[in-house]
Each structure stands twice: as structure tokens, then as C-alpha cells.
$ cat start.cif   # mmCIF, C-alpha atoms
data_upload
loop_
_atom_site.group_PDB
_atom_site.id
_atom_site.type_symbol
_atom_site.label_atom_id
_atom_site.label_comp_id
_atom_site.auth_asym_id
_atom_site.auth_seq_id
_atom_site.Cartn_x
_atom_site.Cartn_y
_atom_site.Cartn_z
ATOM 1 C CA MET A 1 68.441 -36.813 -56.489
ATOM 2 C CA ASN A 2 70.076 -34.610 -59.098
ATOM 3 C CA VAL A 3 68.313 -31.254 -58.962
ATOM 4 C CA MET A 4 70.420 -29.793 -61.787
ATOM 5 C CA ILE A 5 68.153 -31.093 -64.518
ATOM 6 C CA ASN A 6 66.986 -29.464 -67.723
ATOM 7 C CA ALA A 7 63.429 -28.668 -66.635
ATOM 8 C CA ASP A 8 61.164 -26.563 -68.843
ATOM 9 C CA LEU A 9 57.973 -25.840 -66.933
ATOM 10 C CA HIS A 10 56.311 -23.118 -69.002
ATOM 11 C CA CYS A 11 55.166 -23.429 -72.620
ATOM 12 C CA HIS A 12 52.019 -23.208 -74.733
ATOM 13 C CA SER A 13 50.284 -25.363 -77.334
ATOM 14 C CA VAL A 14 47.499 -24.816 -79.852
ATOM 15 C CA ILE A 15 45.086 -25.342 -76.950
ATOM 16 C CA SER A 16 45.814 -21.710 -76.034
ATOM 17 C CA ASP A 17 48.133 -19.428 -78.040
ATOM 18 C CA GLY A 18 50.982 -21.690 -79.170
ATOM 19 C CA THR A 19 51.432 -22.986 -82.702
ATOM 20 C CA LEU A 20 52.423 -26.603 -81.948
ATOM 21 C CA THR A 21 50.301 -29.464 -80.667
ATOM 22 C CA PRO A 22 51.030 -31.040 -77.260
ATOM 23 C CA GLU A 23 52.531 -33.995 -79.114
ATOM 24 C CA GLU A 24 54.832 -31.779 -81.180
ATOM 25 C CA LEU A 25 55.935 -29.925 -78.070
ATOM 26 C CA ALA A 26 56.766 -33.148 -76.243
ATOM 27 C CA GLN A 27 58.871 -34.331 -79.169
ATOM 28 C CA ARG A 28 60.621 -30.952 -79.439
ATOM 29 C CA ALA A 29 61.318 -30.876 -75.697
ATOM 30 C CA LYS A 30 62.848 -34.352 -75.859
ATOM 31 C CA VAL A 31 65.052 -33.452 -78.832
ATOM 32 C CA LYS A 32 66.191 -30.273 -77.052
ATOM 33 C CA GLY A 33 67.373 -32.280 -74.055
ATOM 34 C CA VAL A 34 64.581 -31.440 -71.615
ATOM 35 C CA ASN A 35 64.326 -33.933 -68.729
ATOM 36 C CA LEU A 36 61.179 -32.617 -67.037
ATOM 37 C CA TRP A 37 58.418 -30.843 -68.940
ATOM 38 C CA ALA A 38 55.097 -29.126 -68.258
ATOM 39 C CA LEU A 39 52.521 -27.795 -70.706
ATOM 40 C CA THR A 40 51.050 -24.598 -69.233
ATOM 41 C CA ASP A 41 48.324 -23.369 -71.566
ATOM 42 C CA HIS A 42 46.476 -20.187 -70.635
ATOM 43 C CA ASP A 43 43.448 -20.832 -68.425
ATOM 44 C CA ASP A 44 42.857 -24.282 -69.930
ATOM 45 C CA ILE A 45 43.915 -27.802 -68.992
ATOM 46 C CA GLY A 46 42.252 -29.484 -71.958
ATOM 47 C CA GLY A 47 45.636 -30.535 -73.343
ATOM 48 C CA GLN A 48 46.941 -32.179 -70.175
ATOM 49 C CA ALA A 49 46.017 -35.772 -70.986
ATOM 50 C CA ARG A 50 47.526 -35.460 -74.459
ATOM 51 C CA ALA A 51 50.681 -33.825 -73.099
ATOM 52 C CA ALA A 52 51.184 -36.474 -70.423
ATOM 53 C CA ALA A 53 50.669 -39.284 -72.925
ATOM 54 C CA ALA A 54 53.026 -37.667 -75.424
ATOM 55 C CA ALA A 55 55.668 -37.160 -72.744
ATOM 56 C CA ALA A 56 55.439 -40.819 -71.743
ATOM 57 C CA ALA A 57 55.697 -41.878 -75.380
ATOM 58 C CA VAL A 58 59.027 -40.085 -75.870
ATOM 59 C CA GLY A 59 60.442 -40.953 -72.425
ATOM 60 C CA LEU A 60 60.007 -37.537 -70.790
ATOM 61 C CA ASP A 61 59.055 -36.891 -67.154
ATOM 62 C CA TYR A 62 55.969 -34.710 -66.878
ATOM 63 C CA LEU A 63 54.232 -32.303 -64.488
ATOM 64 C CA THR A 64 50.691 -31.060 -65.072
ATOM 65 C CA GLY A 65 50.611 -27.332 -65.756
ATOM 66 C CA VAL A 66 48.453 -24.288 -66.425
ATOM 67 C CA GLU A 67 48.945 -20.517 -66.583
ATOM 68 C CA VAL A 68 46.097 -18.651 -64.891
ATOM 69 C CA SER A 69 45.320 -15.034 -65.783
ATOM 70 C CA VAL A 70 44.892 -12.861 -62.686
ATOM 71 C CA SER A 71 43.910 -9.224 -62.174
ATOM 72 C CA PHE A 72 46.072 -7.574 -59.500
ATOM 73 C CA LEU A 73 46.363 -3.821 -58.913
ATOM 74 C CA HIS A 74 44.884 -3.079 -62.359
ATOM 75 C CA GLN A 75 47.419 -5.269 -64.144
ATOM 76 C CA THR A 76 47.247 -8.775 -65.541
ATOM 77 C CA VAL A 77 49.527 -11.159 -63.672
ATOM 78 C CA HIS A 78 50.072 -14.788 -64.623
ATOM 79 C CA ILE A 79 50.203 -17.566 -62.052
ATOM 80 C CA VAL A 80 51.548 -20.922 -63.202
ATOM 81 C CA GLY A 81 50.172 -24.022 -61.526
ATOM 82 C CA LEU A 82 52.296 -27.179 -61.457
ATOM 83 C CA GLY A 83 51.701 -30.728 -60.296
ATOM 84 C CA PHE A 84 47.950 -30.473 -59.668
ATOM 85 C CA ASP A 85 45.214 -33.051 -60.178
ATOM 86 C CA ALA A 86 43.854 -32.166 -63.625
ATOM 87 C CA SER A 87 40.495 -33.738 -62.801
ATOM 88 C CA ASN A 88 39.885 -31.465 -59.802
ATOM 89 C CA VAL A 89 36.353 -30.072 -60.164
ATOM 90 C CA ALA A 90 36.944 -26.685 -58.516
ATOM 91 C CA LEU A 91 40.003 -26.029 -60.671
ATOM 92 C CA CYS A 92 38.182 -26.986 -63.865
ATOM 93 C CA LEU A 93 35.168 -24.804 -63.019
ATOM 94 C CA GLY A 94 37.366 -21.870 -62.059
ATOM 95 C CA LEU A 95 39.282 -22.016 -65.328
ATOM 96 C CA THR A 96 36.027 -22.247 -67.281
ATOM 97 C CA GLN A 97 34.829 -19.096 -65.549
ATOM 98 C CA THR A 98 38.109 -17.314 -66.285
ATOM 99 C CA ARG A 99 37.902 -18.209 -69.984
ATOM 100 C CA SER A 100 34.305 -17.131 -70.361
ATOM 101 C CA GLY A 101 34.981 -13.449 -71.014
ATOM 102 C CA ARG A 102 37.598 -13.916 -73.720
ATOM 103 C CA ALA A 103 35.218 -14.030 -76.707
ATOM 104 C CA GLN A 104 33.556 -10.716 -75.883
ATOM 105 C CA ARG A 105 36.933 -9.162 -75.131
ATOM 106 C CA ALA A 106 38.140 -10.291 -78.560
ATOM 107 C CA ARG A 107 35.122 -8.704 -80.254
ATOM 108 C CA ASP A 108 35.767 -5.470 -78.381
ATOM 109 C CA MET A 109 39.414 -5.561 -79.490
ATOM 110 C CA ALA A 110 38.330 -6.003 -83.107
ATOM 111 C CA GLU A 111 35.919 -3.067 -82.865
ATOM 112 C CA ASP A 112 38.675 -0.866 -81.485
ATOM 113 C CA LEU A 113 41.055 -1.870 -84.278
ATOM 114 C CA ALA A 114 38.316 -1.152 -86.831
ATOM 115 C CA ARG A 115 38.150 2.420 -85.530
ATOM 116 C CA VAL A 116 41.711 2.965 -86.768
ATOM 117 C CA GLY A 117 41.010 1.342 -90.125
ATOM 118 C CA ILE A 118 42.036 -2.263 -89.507
ATOM 119 C CA LYS A 119 39.024 -4.347 -90.487
ATOM 120 C CA ASP A 120 37.869 -7.948 -89.989
ATOM 121 C CA THR A 121 40.367 -8.750 -87.268
ATOM 122 C CA PHE A 122 38.016 -10.875 -85.171
ATOM 123 C CA GLU A 123 37.394 -13.400 -87.941
ATOM 124 C CA GLY A 124 41.031 -13.167 -88.952
ATOM 125 C CA ALA A 125 42.303 -13.849 -85.447
ATOM 126 C CA LYS A 126 39.912 -16.799 -85.049
ATOM 127 C CA LYS A 127 41.674 -18.565 -87.907
ATOM 128 C CA TYR A 128 44.839 -18.657 -85.793
ATOM 129 C CA ALA A 129 43.114 -19.872 -82.629
ATOM 130 C CA GLY A 130 43.225 -23.624 -82.221
ATOM 131 C CA ASN A 131 40.737 -23.205 -79.375
ATOM 132 C CA PRO A 132 38.034 -20.584 -80.172
ATOM 133 C CA ASP A 133 37.295 -20.251 -76.453
ATOM 134 C CA LEU A 134 40.822 -18.934 -75.921
ATOM 135 C CA ILE A 135 41.186 -16.315 -78.636
ATOM 136 C CA SER A 136 43.861 -13.897 -77.435
ATOM 137 C CA ARG A 137 46.033 -10.931 -78.328
ATOM 138 C CA THR A 138 48.596 -13.336 -79.773
ATOM 139 C CA HIS A 139 46.085 -14.565 -82.353
ATOM 140 C CA PHE A 140 45.306 -10.971 -83.343
ATOM 141 C CA ALA A 141 49.034 -10.301 -83.603
ATOM 142 C CA ARG A 142 49.567 -13.237 -85.958
ATOM 143 C CA PHE A 143 46.731 -12.007 -88.162
ATOM 144 C CA LEU A 144 48.193 -8.485 -88.289
ATOM 145 C CA VAL A 145 51.547 -9.923 -89.356
ATOM 146 C CA ALA A 146 49.994 -12.250 -91.937
ATOM 147 C CA THR A 147 48.056 -9.360 -93.521
ATOM 148 C CA GLY A 148 51.082 -7.066 -93.650
ATOM 149 C CA VAL A 149 49.944 -4.541 -91.053
ATOM 150 C CA CYS A 150 53.130 -5.249 -89.093
ATOM 151 C CA LYS A 151 56.333 -7.079 -89.979
ATOM 152 C CA ASP A 152 56.429 -9.245 -86.839
ATOM 153 C CA THR A 153 54.588 -9.795 -83.567
ATOM 154 C CA GLN A 154 57.050 -7.587 -81.709
ATOM 155 C CA GLU A 155 56.002 -4.648 -83.888
ATOM 156 C CA VAL A 156 52.351 -5.494 -83.279
ATOM 157 C CA PHE A 157 52.766 -5.162 -79.534
ATOM 158 C CA ARG A 158 54.683 -1.892 -79.934
ATOM 159 C CA LYS A 159 51.861 -0.337 -81.952
ATOM 160 C CA PHE A 160 48.692 -2.170 -80.954
ATOM 161 C CA LEU A 161 46.987 -4.331 -78.316
ATOM 162 C CA THR A 162 48.825 -2.886 -75.301
ATOM 163 C CA GLU A 163 47.571 -0.302 -72.845
ATOM 164 C CA GLY A 164 47.080 3.075 -74.479
ATOM 165 C CA LYS A 165 47.278 1.621 -78.015
ATOM 166 C CA PRO A 166 44.498 0.648 -80.465
ATOM 167 C CA GLY A 167 43.032 -2.775 -79.794
ATOM 168 C CA TYR A 168 43.732 -2.849 -76.067
ATOM 169 C CA VAL A 169 40.790 -3.970 -73.950
ATOM 170 C CA GLN A 170 41.206 -4.584 -70.255
ATOM 171 C CA HIS A 171 39.600 -7.737 -68.925
ATOM 172 C CA ARG A 172 38.776 -8.775 -65.399
ATOM 173 C CA TRP A 173 40.449 -12.115 -64.783
ATOM 174 C CA ALA A 174 40.531 -14.318 -61.692
ATOM 175 C CA THR A 175 41.667 -12.839 -58.392
ATOM 176 C CA LEU A 176 45.027 -13.821 -56.964
ATOM 177 C CA LYS A 177 43.243 -15.616 -54.141
ATOM 178 C CA GLU A 178 41.094 -17.601 -56.564
ATOM 179 C CA ALA A 179 44.011 -18.697 -58.728
ATOM 180 C CA VAL A 180 46.249 -19.760 -55.847
ATOM 181 C CA THR A 181 43.352 -21.533 -54.116
ATOM 182 C CA TRP A 182 42.309 -23.471 -57.241
ATOM 183 C CA ILE A 183 45.866 -24.668 -57.787
ATOM 184 C CA THR A 184 46.772 -25.533 -54.211
ATOM 185 C CA GLN A 185 43.480 -27.236 -53.371
ATOM 186 C CA ALA A 186 44.029 -29.408 -56.455
ATOM 187 C CA GLY A 187 47.313 -30.534 -54.899
ATOM 188 C CA GLY A 188 49.555 -28.306 -57.011
ATOM 189 C CA MET A 189 52.090 -25.531 -56.508
ATOM 190 C CA ALA A 190 51.348 -21.914 -57.466
ATOM 191 C CA VAL A 191 54.213 -19.994 -59.100
ATOM 192 C CA VAL A 192 54.448 -16.317 -60.101
ATOM 193 C CA ALA A 193 55.256 -16.352 -63.829
ATOM 194 C CA HIS A 194 57.859 -14.048 -65.475
ATOM 195 C CA PRO A 195 57.675 -11.371 -62.737
ATOM 196 C CA ALA A 196 59.979 -8.895 -64.492
ATOM 197 C CA ARG A 197 57.319 -8.347 -67.158
ATOM 198 C CA TYR A 198 54.951 -6.560 -64.793
ATOM 199 C CA LYS A 199 55.092 -2.800 -64.453
ATOM 200 C CA PHE A 200 54.814 -2.635 -60.690
ATOM 201 C CA SER A 201 56.523 -0.166 -58.393
ATOM 202 C CA ALA A 202 58.744 -1.651 -55.700
ATOM 203 C CA ASN A 203 55.943 -1.304 -53.152
ATOM 204 C CA GLU A 204 53.375 -2.891 -55.477
ATOM 205 C CA GLU A 205 55.678 -5.813 -56.236
ATOM 206 C CA PHE A 206 56.246 -6.314 -52.513
ATOM 207 C CA ALA A 207 52.472 -6.338 -52.054
ATOM 208 C CA LEU A 208 52.108 -8.954 -54.815
ATOM 209 C CA PHE A 209 54.619 -11.354 -53.299
ATOM 210 C CA THR A 210 53.427 -10.748 -49.745
ATOM 211 C CA GLU A 211 49.821 -11.544 -50.646
ATOM 212 C CA PHE A 212 50.855 -14.448 -52.895
ATOM 213 C CA LYS A 213 52.914 -16.035 -50.123
ATOM 214 C CA GLY A 214 50.163 -15.450 -47.570
ATOM 215 C CA LEU A 215 47.636 -17.225 -49.780
ATOM 216 C CA GLY A 216 49.811 -20.317 -50.070
ATOM 217 C CA GLY A 217 51.811 -19.485 -53.191
ATOM 218 C CA ALA A 218 55.110 -21.320 -53.142
ATOM 219 C CA GLY A 219 57.215 -20.498 -56.215
ATOM 220 C CA VAL A 220 58.520 -17.845 -58.594
ATOM 221 C CA GLU A 221 59.933 -18.125 -62.108
ATOM 222 C CA VAL A 222 63.531 -17.030 -61.765
ATOM 223 C CA VAL A 223 64.835 -18.214 -65.140
ATOM 224 C CA THR A 224 62.427 -17.669 -68.019
ATOM 225 C CA GLY A 225 62.511 -16.661 -71.657
ATOM 226 C CA SER A 226 61.848 -12.965 -71.060
ATOM 227 C CA HIS A 227 64.257 -12.473 -68.127
ATOM 228 C CA SER A 228 67.691 -10.970 -68.580
ATOM 229 C CA THR A 229 70.602 -12.224 -66.507
ATOM 230 C CA ALA A 230 70.179 -9.261 -64.162
ATOM 231 C CA GLU A 231 66.442 -9.901 -63.807
ATOM 232 C CA ALA A 232 67.039 -13.564 -63.043
ATOM 233 C CA ALA A 233 69.464 -12.521 -60.306
ATOM 234 C CA ALA A 234 66.933 -10.042 -58.891
ATOM 235 C CA TYR A 235 64.195 -12.678 -58.681
ATOM 236 C CA ALA A 236 66.605 -15.184 -57.215
ATOM 237 C CA ASP A 237 66.909 -12.671 -54.363
ATOM 238 C CA ILE A 238 63.104 -12.406 -54.200
ATOM 239 C CA ALA A 239 62.873 -16.199 -53.969
ATOM 240 C CA LEU A 240 65.217 -16.158 -50.984
ATOM 241 C CA GLU A 241 63.511 -13.166 -49.357
ATOM 242 C CA PHE A 242 60.064 -14.757 -49.503
ATOM 243 C CA ALA A 243 61.219 -18.370 -49.033
ATOM 244 C CA LEU A 244 59.862 -19.382 -52.439
ATOM 245 C CA ALA A 245 60.972 -22.262 -54.618
ATOM 246 C CA ALA A 246 62.454 -21.323 -57.992
ATOM 247 C CA SER A 247 61.026 -22.348 -61.343
ATOM 248 C CA ARG A 248 62.473 -22.420 -64.835
ATOM 249 C CA GLY A 249 60.529 -22.229 -68.095
ATOM 250 C CA SER A 250 61.043 -20.895 -71.596
ATOM 251 C CA ASP A 251 57.457 -19.604 -72.114
ATOM 252 C CA PHE A 252 57.802 -21.138 -75.578
ATOM 253 C CA HIS A 253 54.938 -20.445 -78.011
ATOM 254 C CA SER A 254 56.292 -20.938 -81.508
ATOM 255 C CA PRO A 255 59.512 -21.769 -83.369
ATOM 256 C CA GLN A 256 59.078 -18.536 -85.345
ATOM 257 C CA GLU A 257 58.119 -16.202 -82.500
ATOM 258 C CA SER A 258 59.746 -17.274 -79.242
ATOM 259 C CA ARG A 259 63.050 -15.755 -78.224
ATOM 260 C CA VAL A 260 64.108 -18.884 -76.325
ATOM 261 C CA ASP A 261 63.497 -22.456 -77.440
ATOM 262 C CA LEU A 262 62.423 -25.284 -75.186
ATOM 263 C CA GLY A 263 65.294 -26.386 -72.959
ATOM 264 C CA ASP A 264 67.659 -23.569 -73.950
ATOM 265 C CA LEU A 265 67.604 -21.651 -70.659
ATOM 266 C CA PRO A 266 70.490 -21.162 -68.241
ATOM 267 C CA ALA A 267 70.468 -23.202 -65.059
ATOM 268 C CA LEU A 268 68.877 -22.011 -61.844
ATOM 269 C CA PRO A 269 71.273 -20.539 -59.268
ATOM 270 C CA GLU A 270 72.555 -23.331 -57.032
ATOM 271 C CA ASN A 271 71.499 -21.631 -53.782
ATOM 272 C CA LEU A 272 67.779 -21.885 -54.655
ATOM 273 C CA THR A 273 65.316 -24.715 -54.090
ATOM 274 C CA PRO A 274 63.935 -25.873 -57.461
ATOM 275 C CA VAL A 275 60.174 -26.333 -57.624
ATOM 276 C CA TRP A 276 60.657 -29.896 -58.846
ATOM 277 C CA ALA A 277 62.482 -30.798 -55.639
ATOM 278 C CA LEU A 278 59.185 -30.145 -53.817
ATOM 279 C CA LEU A 279 57.001 -31.865 -56.413
ATOM 280 C CA GLN A 280 58.721 -35.231 -56.634
ATOM 281 C CA ASP A 281 55.573 -37.140 -55.749
ATOM 282 C CA ARG A 282 53.606 -35.308 -58.465
ATOM 283 C CA ILE A 283 55.999 -35.992 -61.339
ATOM 284 C CA GLN A 284 54.635 -38.491 -63.843
ATOM 285 C CA ARG A 285 57.710 -40.613 -64.467
ATOM 286 C CA ALA A 286 58.390 -41.773 -67.995
ATOM 287 C CA VAL A 287 58.956 -45.435 -68.639
ATOM 288 C CA PRO A 288 62.463 -45.759 -70.100
ATOM 289 C CA VAL A 289 62.375 -45.996 -73.887
ATOM 290 C CA ARG A 290 63.553 -49.422 -75.048
ATOM 291 C CA GLN A 291 66.391 -49.424 -77.494
ATOM 292 C CA PRO A 292 65.820 -51.450 -80.684
#

$ encode --input "start.cif" --output "C-alpha cells"
Amino acid sequence: MNVMINADLHCHSVISDGTLTPEELAQRAKVKGVNLWALTDHDDIGGQARAAAAAAAVGLDYLTGVEVSVSFLHQTVHIVGLGFDASNVALCLGLTQTRSGRAQRARDMAEDLARVGIKDTFEGAKKYAGNPDLISRTHFARFLVATGVCKDTQEVFRKFLTEGKPGYVQHRWATLKEAVTWITQAGGMAVVAHPARYKFSANEEFALFTEFKGLGGAGVEVVTGSHSTAEAAAYADIALEFALAASRGSDFHSPQESRVDLGDLPALPENLTPVWALLQDRIQRAVPVRQP
């Protein structure tokens, strides 16, 4: 088994806050040289059947995926699930519960933006949400760019929608225990997504990984679109310290917005165990594409 494959196990479609359909993402992943792909929409697995079918159609191996929003120590942490049974009832119900507060949160965000003179953002953001149940900060950001409030989404998140800035509304997501349990009991692997993005102290981060591992979490994203080389090295050490498998994913959302395209990441360090090495029996193998 060749573990040095071009795996991209973190990206988003129009089902959550991406701009491409599952079919477009599968095609793009194939063109970019990805060998193993997972669609990991936020708190929703409604695109899994489409993604798996699209992957098979272009000759791409596939793992089921999701990115679950978790509240931990007053921050939002994301846990990626890979290789689970997408028909698992407990997982589906848990994700439905997690999504349920997003609409009210979005209305509260719009009201807060209106207080600083930015009007009609709820209806504006909805136009960018392919799934109205999953309206998010990203959809608000796209509306603020489209209406000229900010020049790009990076400026939006510098000025708005983050803690202490207009438009920020904290939301209570799933617990870490709930997210890991949903994923693992559905036969999947739980992975801490883009850990360098969280603003934890060293002790808080140790608490996160200790609890995650104790609950049955098994992986950490070492190489991802938002990690620098130094950060990837730091979380490679974390993977070894906590005996976690290493994952790799671009966190691709859009050709116009994402800093790293599908498949364009550096390789995982060779001394780590890739998550796909432990998920071989859960990979949906593509039928080789016949040449004309």
C-alpha cells in the first residue's frame, strides 16, 4: 500500500458554505491530481451521496466526511469525521440538532450589523447560501464584499463577524463528547480540524487533545490550508505525543476565496500514520475509468 498519496480530506460545497457543487468539486479534485477525496460540509451530510457518486464517475476514491461544530472552553472547535456510515440515525439526528440554531444566530448577526449601519444583511446573506439551514458567517462575508462594504472576505473577518467586532454572535454548538461519539459510533474516525486556528493557551490545547483522545478521537489535521510549515511541524509533534493519525485537507471553499486549492498541499511527514491507512476498509474505491 502506497501511503504517500494525494489525499484531500477537507473541503466544502454549496451544501454548507462552499461555492461549488459536490459534482464540481469531484471534477476539480480529479483534475488537480487528488487520489482520495472527502467532502466535509459543516454539520450536514446531505451532499454525501452526490459526492460519492461524482467521485466514482471521475475515477476518484472517496471517504464520507463532515465537519462538526463544537463548543469547547468558550471557543468553536471543528471536528472532522471521516469514513462513517452516512445513514447512521444517531449521527443524522445529532447534526440536525447542531444545525437548528443557525437561522436564529444569523438573524441576530444581521441585527447587530444593522446597529452599525449595515442593513438587510440577513436577506442578502441568504442569497449566497445554497442551503438555507446552514447560513453562516461566510455567506454574510460574501454579501458584504458584493455590496462594497469590504474589498474581500479577509477584510470582512478583520472588521466584522469575529469576537469583539460587529456581527459576532456566539452560538452553542455540539459538545466535544457528542461530536466524537456521533462519528465513532457511526463507524468513522474523528479528527481535530486545523488546530492552529484556535486561540488556546498551551494548557487549554493540552486539555482539548487529552479529552479528545479520551473520548475516542483518533486523528489531527497536520497539513491543511491555513497551517504554515512551522504549524504543520508543531502538530506533527502533537500527533506523535497523543498517538493520533495525521490528516491532510485543503479546507477548500471557493476558487476565488481559498488560499490553497484542492490537492495543492505538501505531503504529510513520513514518520506519521496517515488517517487513510487506518480507514482502508471504509474507502469507497473508484472503478477504473475506461479509456476510449

$ resolve_selection --input "start.cif" --expression "the PyMOL selection byres ((chain A and resi 88-97) around 7)" --output "PyMOL selection string"
chain A and resi 43-44+85-87+98-100+182-183+186

$ resolve_selection --input "start.cif" --expression "the PyMOL selection byres ((chain A and resi 103) around 8)" --output "MDAnalysis selection string"
chainID A and resid 100:102 104:107 132:135

$ resolve_selection --input "start.cif" --expression "the PyMOL selection byres ((chain A and resi 81) around 10)" --output "PyMOL selection string"
chain A and resi 9-10+38+40+63-68+78-80+82-84+179-180+182-184+186-193+217+219

$ residues_around --input "start.cif" --residues "A:Thr21" --least-positions-apart "2" --cutoff "12 Å" --atoms "only C-alpha atoms" --output "ChimeraX atom specification"
/A:11-19,23-28,39,41,46-48,50-51,54,130-131,253-254

$ residues_around --input "start.cif" --residues "A:Phe143" --least-positions-apart "3" --cutoff "6 Å" --atoms "all atoms listed in the file" --output "list in words"
Gly124, Ala125, Phe140 and Ala146 of chain A

$ write_last_selection --input "start.cif" --atoms "C-alpha atoms" --output "compact mmCIF listing (two decimals), keeping the file's coordinate frame"
# COMPACT_ATOMS: atom_id res chain seq x y z
CA GLY A 124 41.03 -13.17 -88.95
CA ALA A 125 42.30 -13.85 -85.45
CA PHE A 140 45.31 -10.97 -83.34
CA ALA A 146 49.99 -12.25 -91.94

$ closest_residue --input "start.cif" --among "A:Ser69, A:Thr138, A:Thr229, A:Asn6" --to "A:Glu178" --atoms "all atoms listed in the file"
A:Ser69

$ atom_distance --input "start.cif" --atom1 "atom CA of A:Ser247" --atom2 "atom CA of A:Tyr235"
10.5 Å

$ decode --input "start.cif" --residues "stretch 136-206 of chain A" --atoms "C-alpha atoms" --output "mmCIF file, in the first residue's frame"
data_model
loop_
_atom_site.group_PDB
_atom_site.id
_atom_site.type_symbol
_atom_site.label_atom_id
_atom_site.label_comp_id
_atom_site.auth_asym_id
_atom_site.auth_seq_id
_atom_site.Cartn_x
_atom_site.Cartn_y
_atom_site.Cartn_z
ATOM 1 C CA SER A 136 -23.106 31.124 8.090
ATOM 2 C CA ARG A 137 -20.607 33.922 8.581
ATOM 3 C CA THR A 138 -19.117 33.088 5.187
ATOM 4 C CA HIS A 139 -22.410 33.904 3.467
ATOM 5 C CA PHE A 140 -22.564 37.242 5.292
ATOM 6 C CA ALA A 141 -18.972 37.903 4.257
ATOM 7 C CA ARG A 142 -19.741 37.289 0.585
ATOM 8 C CA PHE A 143 -22.679 39.685 0.781
ATOM 9 C CA LEU A 144 -20.526 42.387 2.400
ATOM 10 C CA VAL A 145 -17.974 42.018 -0.393
ATOM 11 C CA ALA A 146 -20.620 42.014 -3.129
ATOM 12 C CA THR A 147 -22.176 45.229 -1.765
ATOM 13 C CA GLY A 148 -18.836 47.013 -1.451
ATOM 14 C CA VAL A 149 -18.669 47.163 2.339
ATOM 15 C CA CYS A 150 -15.343 45.316 2.180
ATOM 16 C CA LYS A 151 -12.978 44.536 -0.682
ATOM 17 C CA ASP A 152 -12.595 40.826 0.127
ATOM 18 C CA THR A 153 -13.626 38.238 2.702
ATOM 19 C CA GLN A 154 -10.335 38.632 4.547
ATOM 20 C CA GLU A 155 -11.193 42.278 5.221
ATOM 21 C CA VAL A 156 -14.665 41.254 6.364
ATOM 22 C CA PHE A 157 -13.255 38.999 9.053
ATOM 23 C CA ARG A 158 -10.800 41.694 10.167
ATOM 24 C CA LYS A 159 -13.604 44.208 10.693
ATOM 25 C CA PHE A 160 -16.752 42.187 11.325
ATOM 26 C CA LEU A 161 -18.187 38.823 12.401
ATOM 27 C CA THR A 162 -15.367 37.880 14.791
ATOM 28 C CA GLU A 163 -15.330 38.167 18.558
ATOM 29 C CA GLY A 164 -15.426 41.773 19.699
ATOM 30 C CA LYS A 165 -16.467 43.052 16.243
ATOM 31 C CA PRO A 166 -19.922 43.972 14.866
ATOM 32 C CA GLY A 167 -21.919 40.981 13.691
ATOM 33 C CA TYR A 168 -20.337 38.435 16.016
ATOM 34 C CA VAL A 169 -22.827 36.197 17.802
ATOM 35 C CA GLN A 170 -21.645 33.270 19.862
ATOM 36 C CA HIS A 171 -23.546 30.040 19.366
ATOM 37 C CA ARG A 172 -23.670 26.916 21.466
ATOM 38 C CA TRP A 173 -22.712 24.013 19.232
ATOM 39 C CA ALA A 174 -22.363 20.309 19.989
ATOM 40 C CA THR A 175 -20.121 19.203 22.839
ATOM 41 C CA LEU A 176 -16.829 17.507 22.076
ATOM 42 C CA LYS A 177 -18.208 14.292 23.537
ATOM 43 C CA GLU A 178 -21.296 14.439 21.330
ATOM 44 C CA ALA A 179 -19.352 15.059 18.132
ATOM 45 C CA VAL A 180 -16.768 12.336 18.719
ATOM 46 C CA THR A 181 -19.462 9.871 19.809
ATOM 47 C CA TRP A 182 -21.677 10.518 16.761
ATOM 48 C CA ILE A 183 -18.747 9.980 14.414
ATOM 49 C CA THR A 184 -17.193 6.945 16.067
ATOM 50 C CA GLN A 185 -20.468 5.127 16.713
ATOM 51 C CA ALA A 186 -21.230 5.569 13.004
ATOM 52 C CA GLY A 187 -18.010 3.680 12.266
ATOM 53 C CA GLY A 188 -15.922 6.742 11.417
ATOM 54 C CA MET A 189 -12.773 8.463 12.643
ATOM 55 C CA ALA A 190 -12.880 11.798 14.493
ATOM 56 C CA VAL A 191 -10.157 14.309 13.573
ATOM 57 C CA VAL A 192 -9.342 17.714 15.097
ATOM 58 C CA ALA A 193 -9.530 20.174 12.188
ATOM 59 C CA HIS A 194 -6.968 22.981 11.590
ATOM 60 C CA PRO A 195 -5.834 23.146 15.248
ATOM 61 C CA ALA A 196 -3.541 26.153 14.784
ATOM 62 C CA ARG A 197 -6.588 28.349 14.169
ATOM 63 C CA TYR A 198 -7.805 28.108 17.755
ATOM 64 C CA LYS A 199 -6.721 30.680 20.301
ATOM 65 C CA PHE A 200 -5.995 28.290 23.135
ATOM 66 C CA SER A 201 -3.240 28.589 25.707
ATOM 67 C CA ALA A 202 -0.815 25.678 25.904
ATOM 68 C CA ASN A 203 -2.726 24.244 28.863
ATOM 69 C CA GLU A 204 -6.091 24.623 27.117
ATOM 70 C CA GLU A 205 -4.791 22.948 23.967
ATOM 71 C CA PHE A 206 -3.433 20.087 26.066
#
